[in-house]
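Data file: protein_22.cif. Format and content: mmCIF, C-alpha atoms.
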```cif
data_model
loop_
_atom_site.group_PDB
_atom_site.id
_atom_site.type_symbol
_atom_site.label_atom_id
_atom_site.label_comp_id
_atom_site.auth_asym_id
_atom_site.auth_seq_id
_atom_site.Cartn_x
_atom_site.Cartn_y
_atom_site.Cartn_z
ATOM 1 C CA MET C 1 0.000 0.000 0.000
ATOM 2 C CA ILE C 2 2.839 2.370 0.911
ATOM 3 C CA LEU C 3 4.629 1.582 -2.344
ATOM 4 C CA GLY C 4 1.456 2.287 -4.300
ATOM 5 C CA ALA C 5 1.016 5.631 -2.536
ATOM 6 C CA ILE C 6 4.600 6.570 -3.417
ATOM 7 C CA PHE C 7 4.047 5.801 -7.096
ATOM 8 C CA MET C 8 0.888 7.928 -7.035
ATOM 9 C CA VAL C 9 2.473 10.925 -5.301
ATOM 10 C CA LEU C 10 5.862 10.833 -7.070
ATOM 11 C CA PRO C 11 4.648 12.114 -10.502
ATOM 12 C CA LEU C 12 2.816 15.012 -8.858
ATOM 13 C CA LEU C 13 5.899 15.839 -6.805
ATOM 14 C CA ILE C 14 8.076 15.899 -9.939
ATOM 15 C CA VAL C 15 5.566 18.186 -11.674
ATOM 16 C CA LEU C 16 5.566 20.507 -8.643
ATOM 17 C CA ILE C 17 9.375 20.647 -8.548
ATOM 18 C CA ASN C 18 9.686 21.456 -12.242
ATOM 19 C CA ALA C 19 6.873 24.025 -12.100
ATOM 20 C CA LEU C 20 8.944 26.009 -9.602
ATOM 21 C CA LYS C 21 12.110 26.002 -11.726
ATOM 22 C CA SER C 22 13.315 28.580 -14.210
ATOM 23 C CA PRO C 23 13.894 27.414 -17.815
ATOM 24 C CA ALA C 24 17.659 27.866 -17.333
ATOM 25 C CA ASP C 25 17.605 25.784 -14.144
ATOM 26 C CA TYR C 26 15.640 23.040 -15.896
ATOM 27 C CA SER C 27 18.016 22.977 -18.869
ATOM 28 C CA ALA C 28 21.107 22.919 -16.698
ATOM 29 C CA HIS C 29 20.134 20.312 -14.099
ATOM 30 C CA GLY C 30 17.337 18.252 -15.681
ATOM 31 C CA PRO C 31 13.848 17.348 -14.458
ATOM 32 C CA LEU C 32 14.852 15.305 -11.388
ATOM 33 C CA SER C 33 16.967 17.895 -9.558
ATOM 34 C CA LEU C 34 15.659 20.158 -6.825
ATOM 35 C CA PRO C 35 14.979 23.771 -7.870
ATOM 36 C CA HIS C 36 17.689 26.344 -7.171
ATOM 37 C CA GLY C 37 15.274 28.949 -5.890
ATOM 38 C CA ILE C 38 11.540 29.342 -6.408
ATOM 39 C CA HIS C 39 10.477 30.778 -9.762
ATOM 40 C CA LEU C 40 6.764 31.397 -10.405
ATOM 41 C CA ASP C 41 7.158 32.715 -13.959
ATOM 42 C CA GLY C 42 5.824 29.488 -15.488
ATOM 43 C CA LEU C 43 2.698 29.610 -13.323
ATOM 44 C CA THR C 44 1.984 33.286 -13.960
ATOM 45 C CA ASP C 45 2.711 33.034 -17.709
ATOM 46 C CA PHE C 46 0.333 30.123 -18.169
ATOM 47 C CA TRP C 47 -2.327 31.785 -15.978
ATOM 48 C CA ASN C 48 -2.240 34.936 -18.076
ATOM 49 C CA ARG C 49 -1.952 33.168 -21.433
ATOM 50 C CA VAL C 50 -5.154 31.158 -21.088
ATOM 51 C CA ASN C 51 -7.017 33.478 -18.643
ATOM 52 C CA PHE C 52 -6.949 30.607 -16.174
ATOM 53 C CA GLY C 53 -9.250 32.280 -13.648
ATOM 54 C CA ARG C 54 -12.181 32.257 -16.079
ATOM 55 C CA THR C 55 -11.224 28.831 -17.396
ATOM 56 C CA LEU C 56 -11.192 27.456 -13.873
ATOM 57 C CA LEU C 57 -14.633 28.937 -13.201
ATOM 58 C CA ASN C 58 -15.990 27.327 -16.382
ATOM 59 C CA SER C 59 -14.730 23.896 -15.350
ATOM 60 C CA ILE C 60 -16.080 24.237 -11.820
ATOM 61 C CA VAL C 61 -19.525 25.328 -13.058
ATOM 62 C CA ILE C 62 -19.731 22.585 -15.684
ATOM 63 C CA SER C 63 -18.339 19.778 -13.511
ATOM 64 C CA GLY C 64 -20.386 20.762 -10.451
ATOM 65 C CA SER C 65 -23.607 21.080 -12.454
ATOM 66 C CA VAL C 66 -23.015 17.746 -14.178
ATOM 67 C CA ALA C 67 -22.283 16.044 -10.849
ATOM 68 C CA VAL C 68 -25.565 17.267 -9.342
ATOM 69 C CA GLY C 69 -27.618 16.817 -12.525
ATOM 70 C CA GLY C 70 -26.209 13.368 -13.232
ATOM 71 C CA VAL C 71 -26.934 12.201 -9.683
ATOM 72 C CA VAL C 72 -30.523 13.498 -9.781
ATOM 73 C CA LEU C 73 -31.179 11.780 -13.121
ATOM 74 C CA SER C 74 -29.538 8.584 -11.856
ATOM 75 C CA VAL C 75 -31.703 8.531 -8.729
ATOM 76 C CA LEU C 76 -34.928 9.120 -10.655
ATOM 77 C CA ASN C 77 -34.116 6.520 -13.311
ATOM 78 C CA ALA C 78 -32.914 3.940 -10.808
ATOM 79 C CA TYR C 79 -35.989 4.474 -8.624
ATOM 80 C CA ALA C 80 -38.250 3.789 -11.584
ATOM 81 C CA ILE C 81 -36.272 0.721 -12.687
ATOM 82 C CA GLY C 82 -35.183 -0.739 -9.354
ATOM 83 C CA ILE C 83 -38.324 -0.124 -7.293
ATOM 84 C CA GLY C 84 -41.025 1.084 -9.691
ATOM 85 C CA LYS C 85 -43.187 -1.174 -11.793
ATOM 86 C CA VAL C 86 -41.485 -0.638 -15.139
ATOM 87 C CA LYS C 87 -41.887 -3.302 -17.788
ATOM 88 C CA GLY C 88 -38.784 -4.479 -19.611
ATOM 89 C CA LYS C 89 -36.303 -3.522 -16.877
ATOM 90 C CA ALA C 90 -33.631 -5.765 -18.360
ATOM 91 C CA TRP C 91 -33.852 -3.948 -21.708
ATOM 92 C CA PHE C 92 -33.530 -0.570 -20.038
ATOM 93 C CA LEU C 93 -30.446 -1.713 -18.131
ATOM 94 C CA ALA C 94 -28.963 -3.125 -21.342
ATOM 95 C CA PHE C 95 -29.509 0.262 -22.981
ATOM 96 C CA PHE C 96 -27.673 2.048 -20.164
ATOM 97 C CA VAL C 97 -24.793 -0.429 -20.371
ATOM 98 C CA LEU C 98 -24.572 0.213 -24.119
ATOM 99 C CA ALA C 99 -24.509 3.955 -23.482
ATOM 100 C CA ASN C 100 -21.535 3.459 -21.148
ATOM 101 C CA VAL C 101 -19.429 1.597 -23.712
ATOM 102 C CA LEU C 102 -20.310 3.856 -26.661
ATOM 103 C CA PRO C 103 -17.192 5.871 -27.633
ATOM 104 C CA GLN C 104 -17.489 9.637 -27.491
ATOM 105 C CA GLU C 105 -16.069 9.924 -30.998
ATOM 106 C CA ALA C 106 -19.352 8.485 -32.257
ATOM 107 C CA LEU C 107 -21.292 11.218 -30.470
ATOM 108 C CA VAL C 108 -19.298 14.231 -31.613
ATOM 109 C CA TYR C 109 -20.996 15.007 -34.922
ATOM 110 C CA PRO C 110 -24.610 14.304 -33.813
ATOM 111 C CA LEU C 111 -24.141 16.459 -30.704
ATOM 112 C CA TYR C 112 -22.423 19.204 -32.700
ATOM 113 C CA TYR C 113 -25.219 19.274 -35.303
ATOM 114 C CA LEU C 114 -27.995 19.115 -32.709
ATOM 115 C CA SER C 115 -26.514 21.882 -30.559
ATOM 116 C CA LYS C 116 -26.257 24.081 -33.668
ATOM 117 C CA GLN C 117 -29.914 23.452 -34.481
ATOM 118 C CA VAL C 118 -31.216 24.338 -31.003
ATOM 119 C CA GLY C 119 -28.893 27.304 -30.492
ATOM 120 C CA LEU C 120 -26.807 25.825 -27.672
ATOM 121 C CA TYR C 121 -23.504 25.562 -29.520
ATOM 122 C CA ASP C 122 -20.596 27.211 -27.702
ATOM 123 C CA THR C 123 -22.510 27.439 -24.426
ATOM 124 C CA ARG C 124 -21.712 25.792 -21.120
ATOM 125 C CA LEU C 125 -25.319 24.601 -20.910
ATOM 126 C CA SER C 126 -24.778 22.308 -23.903
ATOM 127 C CA LEU C 127 -21.986 20.421 -22.117
ATOM 128 C CA ILE C 128 -23.922 20.322 -18.854
ATOM 129 C CA ILE C 129 -26.888 18.658 -20.573
ATOM 130 C CA VAL C 130 -24.765 16.197 -22.560
ATOM 131 C CA PHE C 131 -22.528 15.095 -19.714
ATOM 132 C CA SER C 132 -25.391 14.896 -17.220
ATOM 133 C CA VAL C 133 -27.104 12.381 -19.498
ATOM 134 C CA VAL C 134 -23.876 10.491 -20.227
ATOM 135 C CA GLN C 135 -22.880 10.212 -16.570
ATOM 136 C CA ALA C 136 -26.440 9.311 -15.574
ATOM 137 C CA ALA C 137 -26.212 6.206 -17.768
ATOM 138 C CA PHE C 138 -23.545 4.777 -15.477
ATOM 139 C CA GLY C 139 -25.243 6.091 -12.344
ATOM 140 C CA THR C 140 -28.566 4.509 -13.315
ATOM 141 C CA TYR C 141 -26.945 1.139 -13.916
ATOM 142 C CA LEU C 142 -25.155 1.236 -10.540
ATOM 143 C CA LEU C 143 -28.049 2.567 -8.463
ATOM 144 C CA SER C 144 -30.567 0.193 -10.049
ATOM 145 C CA SER C 145 -28.756 -2.778 -8.540
ATOM 146 C CA VAL C 146 -28.666 -1.032 -5.140
ATOM 147 C CA LEU C 147 -32.330 -0.035 -5.156
ATOM 148 C CA GLY C 148 -33.347 -3.429 -6.520
ATOM 149 C CA ALA C 149 -32.379 -4.910 -3.140
ATOM 150 C CA PHE C 150 -34.364 -2.322 -1.186
ATOM 151 C CA PRO C 151 -36.885 -4.071 1.126
ATOM 152 C CA LYS C 152 -40.292 -4.067 -0.531
ATOM 153 C CA GLU C 153 -42.013 -4.491 2.831
ATOM 154 C CA VAL C 154 -40.720 -1.103 4.017
ATOM 155 C CA ILE C 155 -42.051 0.628 0.910
ATOM 156 C CA GLU C 156 -45.416 -1.068 1.177
ATOM 157 C CA ALA C 157 -45.683 -0.115 4.850
ATOM 158 C CA ALA C 158 -44.897 3.510 4.020
ATOM 159 C CA LYS C 159 -47.563 3.589 1.321
ATOM 160 C CA ILE C 160 -50.101 2.099 3.725
ATOM 161 C CA ASP C 161 -49.287 4.976 6.094
ATOM 162 C CA GLY C 162 -50.158 7.421 3.301
ATOM 163 C CA ALA C 163 -46.772 8.201 1.755
ATOM 164 C CA ASN C 164 -46.794 8.830 -1.994
ATOM 165 C CA SER C 165 -44.038 7.866 -4.422
ATOM 166 C CA TRP C 166 -42.125 11.156 -4.041
ATOM 167 C CA GLN C 167 -42.139 10.901 -0.258
ATOM 168 C CA VAL C 168 -40.899 7.314 -0.409
ATOM 169 C CA LEU C 169 -38.105 8.381 -2.738
ATOM 170 C CA TRP C 170 -36.810 11.460 -0.900
ATOM 171 C CA ARG C 171 -37.494 10.421 2.705
ATOM 172 C CA MET C 172 -36.614 6.721 2.563
ATOM 173 C CA VAL C 173 -34.738 5.651 -0.528
ATOM 174 C CA VAL C 174 -32.363 8.617 -0.895
ATOM 175 C CA PRO C 175 -31.191 8.679 2.760
ATOM 176 C CA VAL C 176 -30.451 4.944 2.684
ATOM 177 C CA SER C 177 -28.607 5.266 -0.652
ATOM 178 C CA ARG C 178 -26.629 8.366 0.414
ATOM 179 C CA PRO C 179 -23.213 6.614 0.492
ATOM 180 C CA THR C 180 -23.578 5.380 -3.099
ATOM 181 C CA ILE C 181 -24.914 8.768 -4.199
ATOM 182 C CA GLY C 182 -21.877 10.432 -2.617
ATOM 183 C CA VAL C 183 -19.537 8.164 -4.593
ATOM 184 C CA LEU C 184 -21.336 9.024 -7.825
ATOM 185 C CA LEU C 185 -21.134 12.735 -7.031
ATOM 186 C CA VAL C 186 -17.344 12.566 -6.637
ATOM 187 C CA PHE C 187 -16.832 10.402 -9.714
ATOM 188 C CA PHE C 188 -19.077 12.520 -11.927
ATOM 189 C CA PHE C 189 -17.222 15.695 -10.960
ATOM 190 C CA ILE C 190 -13.757 14.255 -11.612
ATOM 191 C CA TRP C 191 -14.756 12.479 -14.828
ATOM 192 C CA THR C 192 -16.310 15.638 -16.238
ATOM 193 C CA TRP C 193 -13.315 17.719 -15.142
ATOM 194 C CA ASN C 194 -10.981 15.485 -17.163
ATOM 195 C CA GLU C 195 -13.080 15.455 -20.355
ATOM 196 C CA PHE C 196 -11.297 16.870 -23.389
ATOM 197 C CA LEU C 197 -12.829 15.884 -26.740
ATOM 198 C CA LEU C 198 -16.396 17.164 -26.339
ATOM 199 C CA PRO C 199 -15.376 20.445 -24.636
ATOM 200 C CA LEU C 200 -12.867 21.004 -27.436
ATOM 201 C CA VAL C 201 -15.570 20.589 -30.096
ATOM 202 C CA MET C 202 -18.542 22.148 -28.307
ATOM 203 C CA LEU C 203 -16.780 25.170 -26.754
ATOM 204 C CA PRO C 204 -14.566 26.787 -29.404
ATOM 205 C CA SER C 205 -14.435 30.298 -27.890
ATOM 206 C CA ASN C 206 -11.808 31.218 -25.322
ATOM 207 C CA ASP C 207 -14.398 32.580 -22.890
ATOM 208 C CA ASN C 208 -16.037 29.150 -22.513
ATOM 209 C CA GLN C 209 -12.944 26.943 -22.475
ATOM 210 C CA THR C 210 -12.431 24.364 -19.747
ATOM 211 C CA VAL C 211 -9.189 23.568 -17.951
ATOM 212 C CA SER C 212 -8.540 20.399 -19.945
ATOM 213 C CA VAL C 213 -8.862 22.326 -23.224
ATOM 214 C CA ALA C 214 -6.673 25.157 -21.935
ATOM 215 C CA LEU C 215 -3.909 22.647 -21.225
ATOM 216 C CA GLY C 216 -3.941 21.744 -24.908
ATOM 217 C CA VAL C 217 -2.943 25.313 -25.793
ATOM 218 C CA LEU C 218 0.645 24.421 -24.959
ATOM 219 C CA GLN C 219 0.727 21.616 -27.509
ATOM 220 C CA GLY C 220 2.020 22.248 -30.981
ATOM 221 C CA GLN C 221 4.311 25.122 -30.054
ATOM 222 C CA ARG C 222 7.603 25.362 -31.927
ATOM 223 C CA LEU C 223 9.535 25.768 -28.679
ATOM 224 C CA MET C 224 8.355 23.849 -25.644
ATOM 225 C CA ASP C 225 8.734 25.549 -22.303
ATOM 226 C CA ALA C 226 9.067 22.591 -19.939
ATOM 227 C CA THR C 227 8.547 24.679 -16.812
ATOM 228 C CA MET C 228 5.324 26.191 -18.163
ATOM 229 C CA THR C 229 4.114 22.743 -19.218
ATOM 230 C CA ASN C 230 4.640 21.450 -15.695
ATOM 231 C CA ALA C 231 2.992 24.557 -14.262
ATOM 232 C CA ALA C 232 -0.025 23.987 -16.504
ATOM 233 C CA GLY C 233 -0.257 20.353 -15.437
ATOM 234 C CA LEU C 234 -0.066 21.374 -11.776
ATOM 235 C CA LEU C 235 -2.779 24.028 -12.090
ATOM 236 C CA GLY C 236 -4.977 21.675 -14.087
ATOM 237 C CA ALA C 237 -4.750 18.771 -11.646
ATOM 238 C CA LEU C 238 -4.763 20.674 -8.354
ATOM 239 C CA PRO C 239 -8.504 21.581 -8.205
ATOM 240 C CA ALA C 240 -9.550 17.977 -8.900
ATOM 241 C CA ILE C 241 -7.131 16.713 -6.251
ATOM 242 C CA VAL C 242 -8.475 19.214 -3.702
ATOM 243 C CA PHE C 243 -12.051 18.177 -4.503
ATOM 244 C CA PHE C 244 -11.116 14.513 -4.105
ATOM 245 C CA LEU C 245 -9.431 15.133 -0.752
ATOM 246 C CA LEU C 246 -12.400 17.143 0.539
ATOM 247 C CA PHE C 247 -14.786 14.303 -0.285
ATOM 248 C CA GLN C 248 -12.429 11.438 0.537
ATOM 249 C CA ARG C 249 -14.483 10.378 3.552
ATOM 250 C CA THR C 250 -17.643 10.344 1.466
ATOM 251 C CA LEU C 251 -15.928 8.167 -1.115
ATOM 252 C CA THR C 252 -14.539 5.813 1.530
ATOM 253 C CA ARG C 253 -17.903 5.434 3.279
ATOM 254 C CA GLY C 254 -19.664 4.775 -0.005
ATOM 255 C CA ILE C 255 -17.231 2.072 -1.079
ATOM 256 C CA ALA C 256 -17.332 0.480 2.377
ATOM 257 C CA ALA C 257 -21.139 0.469 2.367
ATOM 258 C CA GLY C 258 -21.139 -1.155 -1.063
ATOM 259 C CA ALA C 259 -18.701 -3.812 0.125
ATOM 260 C CA VAL C 260 -20.877 -4.623 3.142
ATOM 261 C CA LYS C 261 -23.972 -4.986 0.979
#
```
Can you give me the file's structure in the form of structure tokens?
Amino acid sequence: MILGAIFMVLPLLIVLINALKSPADYSAHGPLSLPHGIHLDGLTDFWNRVNFGRTLLNSIVISGSVAVGGVVLSVLNAYAIGIGKVKGKAWFLAFFVLANVLPQEALVYPLYYLSKQVGLYDTRLSLIIVFSVVQAAFGTYLLSSVLGAFPKEVIEAAKIDGANSWQVLWRMVVPVSRPTIGVLLVFFFIWTWNEFLLPLVMLPSNDNQTVSVALGVLQGQRLMDATMTNAAGLLGALPAIVFFLLFQRTLTRGIAAGAVK
């Protein structure tokens, strides 16, 4: 376990070290040496080049909205399939599995054409809608198996006491499924944060770019600034790492609850 943690932290540590070097220091001593002084030019140059403050806000808004929207859709779909009386449940689950394995390259042109037709092209809302549906496919498949094992007697007793379907969902099913929902929330945020292809196609303007697309600005340059590249990688990964650490307990509890079940 300790060895695995070292291999996970070591690349980030190397990126951090090189992000704090000057280009001359990097050229003279290589990527594995400690920096001779702290130089923040790579960080500030990348921040100003891509307007990283706005880019960061775009990614946070899109990823956060998708995480919440995807979880809500997953809960509603899974409640209908796992507990509700929906005919052909197996076919619905097969459809969601197929949606999970469908490559995004196959979705690019249809989504591009459709967003143009409805006037959502080059808007953050277009990505929020698309990714909420895409992430909900996985969430529905996972939650359906969890809710399928929910005690029917409890639901029937609640309905006898006068509870309607919405009350059963929000007051009974959601609280019991909170650990799994928390895991989905974390995964949806991180997965959306790391998306590159669809944001690149759907958000061509600089004002709507996400962090993953902004990192691609450094590619294709005639002269590569290694320190700026490391600075960009550090700035791009740091928010996702912070989010993961903040919700680490939620993730751990959710996985533990799933293992017990």
Here's the selection I'm unsure about, the PyMOL selection byres ((chain C and resi 174) around 12); applied to the file above, which residues does it give, as JSON, numbers by chain? {"C": [71, 72, 74, 75, 76, 78, 79, 143, 146, 147, 150, 166, 167, 168, 169, 170, 171, 172, 173, 175, 176, 177, 178, 179, 180, 181, 182]}
Expanded to explicit residues, what is the PyMOL selection byres ((chain C and resi 234) around 8) for this file, as a ChimeraX atom specification? /C:12,15-16,19,230-233,235-238
Restrict the selected residues to C-alpha atoms and save them as a short mmCIF file (atom, residue, chain, number, x, y, z; two decimals), in the coordinates of the input.
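The resulting again_14.cif:
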```cif
data_model
loop_
_atom_site.label_atom_id
_atom_site.label_comp_id
_atom_site.auth_asym_id
_atom_site.auth_seq_id
_atom_site.Cartn_x
_atom_site.Cartn_y
_atom_site.Cartn_z
CA LEU C 12 2.82 15.01 -8.86
CA VAL C 15 5.57 18.19 -11.67
CA LEU C 16 5.57 20.51 -8.64
CA ALA C 19 6.87 24.02 -12.10
CA ASN C 230 4.64 21.45 -15.70
CA ALA C 231 2.99 24.56 -14.26
CA ALA C 232 -0.02 23.99 -16.50
CA GLY C 233 -0.26 20.35 -15.44
CA LEU C 235 -2.78 24.03 -12.09
CA GLY C 236 -4.98 21.68 -14.09
CA ALA C 237 -4.75 18.77 -11.65
CA LEU C 238 -4.76 20.67 -8.35
#
```
Looking at only C-alpha atoms, which of C:Val213, C:Ala137, C:Ala67, C:Ile60 is the one that sits closest to Phe95 in chain C? C:Ala137
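The closest residue to Leu215 in chain C, picked from C:Thr229, C:Met202, C:Leu40, C:Gly30 and counting all atoms listed in the file, is C:Thr229.
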Which residue is closest to Pro204 in chain C? Choose from C:Ser144, C:Pro239, C:Asp122, C:Ser27 and count all atoms listed in the file. C:Asp122
For Leu98 in chain C, please output as an mmCIF file with C-alpha atoms, in the frame of the given file all residues within 12 Å (counting all atoms listed in the file; exclusion window: fewer than 5 positions along the same chain).
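After the write, result-v8.cif holds the following:
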```
data_model
loop_
_atom_site.group_PDB
_atom_site.id
_atom_site.type_symbol
_atom_site.label_atom_id
_atom_site.label_comp_id
_atom_site.auth_asym_id
_atom_site.auth_seq_id
_atom_site.Cartn_x
_atom_site.Cartn_y
_atom_site.Cartn_z
ATOM 1 C CA TRP C 91 -33.852 -3.948 -21.708
ATOM 2 C CA PHE C 92 -33.530 -0.570 -20.038
ATOM 3 C CA LEU C 93 -30.446 -1.713 -18.131
ATOM 4 C CA PRO C 103 -17.192 5.871 -27.633
ATOM 5 C CA VAL C 134 -23.876 10.491 -20.227
ATOM 6 C CA ALA C 137 -26.212 6.206 -17.768
ATOM 7 C CA PHE C 138 -23.545 4.777 -15.477
ATOM 8 C CA TYR C 141 -26.945 1.139 -13.916
#
```
Using the chain letters and numbers from the file, which residues does the PyMOL selection byres ((chain C and resi 47-57) around 7) grab, as JSON, numbers by chain? {"C": [43, 44, 45, 46, 58, 59, 60, 61, 209, 210, 211, 214]}
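Shortest separation to Gly148 in chain C among C:Ile81, C:Ile17, C:Val183, C:Leu198 occurs at residue C:Ile81, atoms counted being all atoms listed in the file.
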Option closest in space to Thr123 in chain C, from C:Glu195, C:Asp225, C:Asp207, C:Asp25 [counting all atoms listed in the file]: C:Asp207
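Across C:Ser145, C:Ser165, C:Ser33, C:Gln248, the tightest approach to Lys85 in chain C is made by C:Ser165 when counting all atoms listed in the file.
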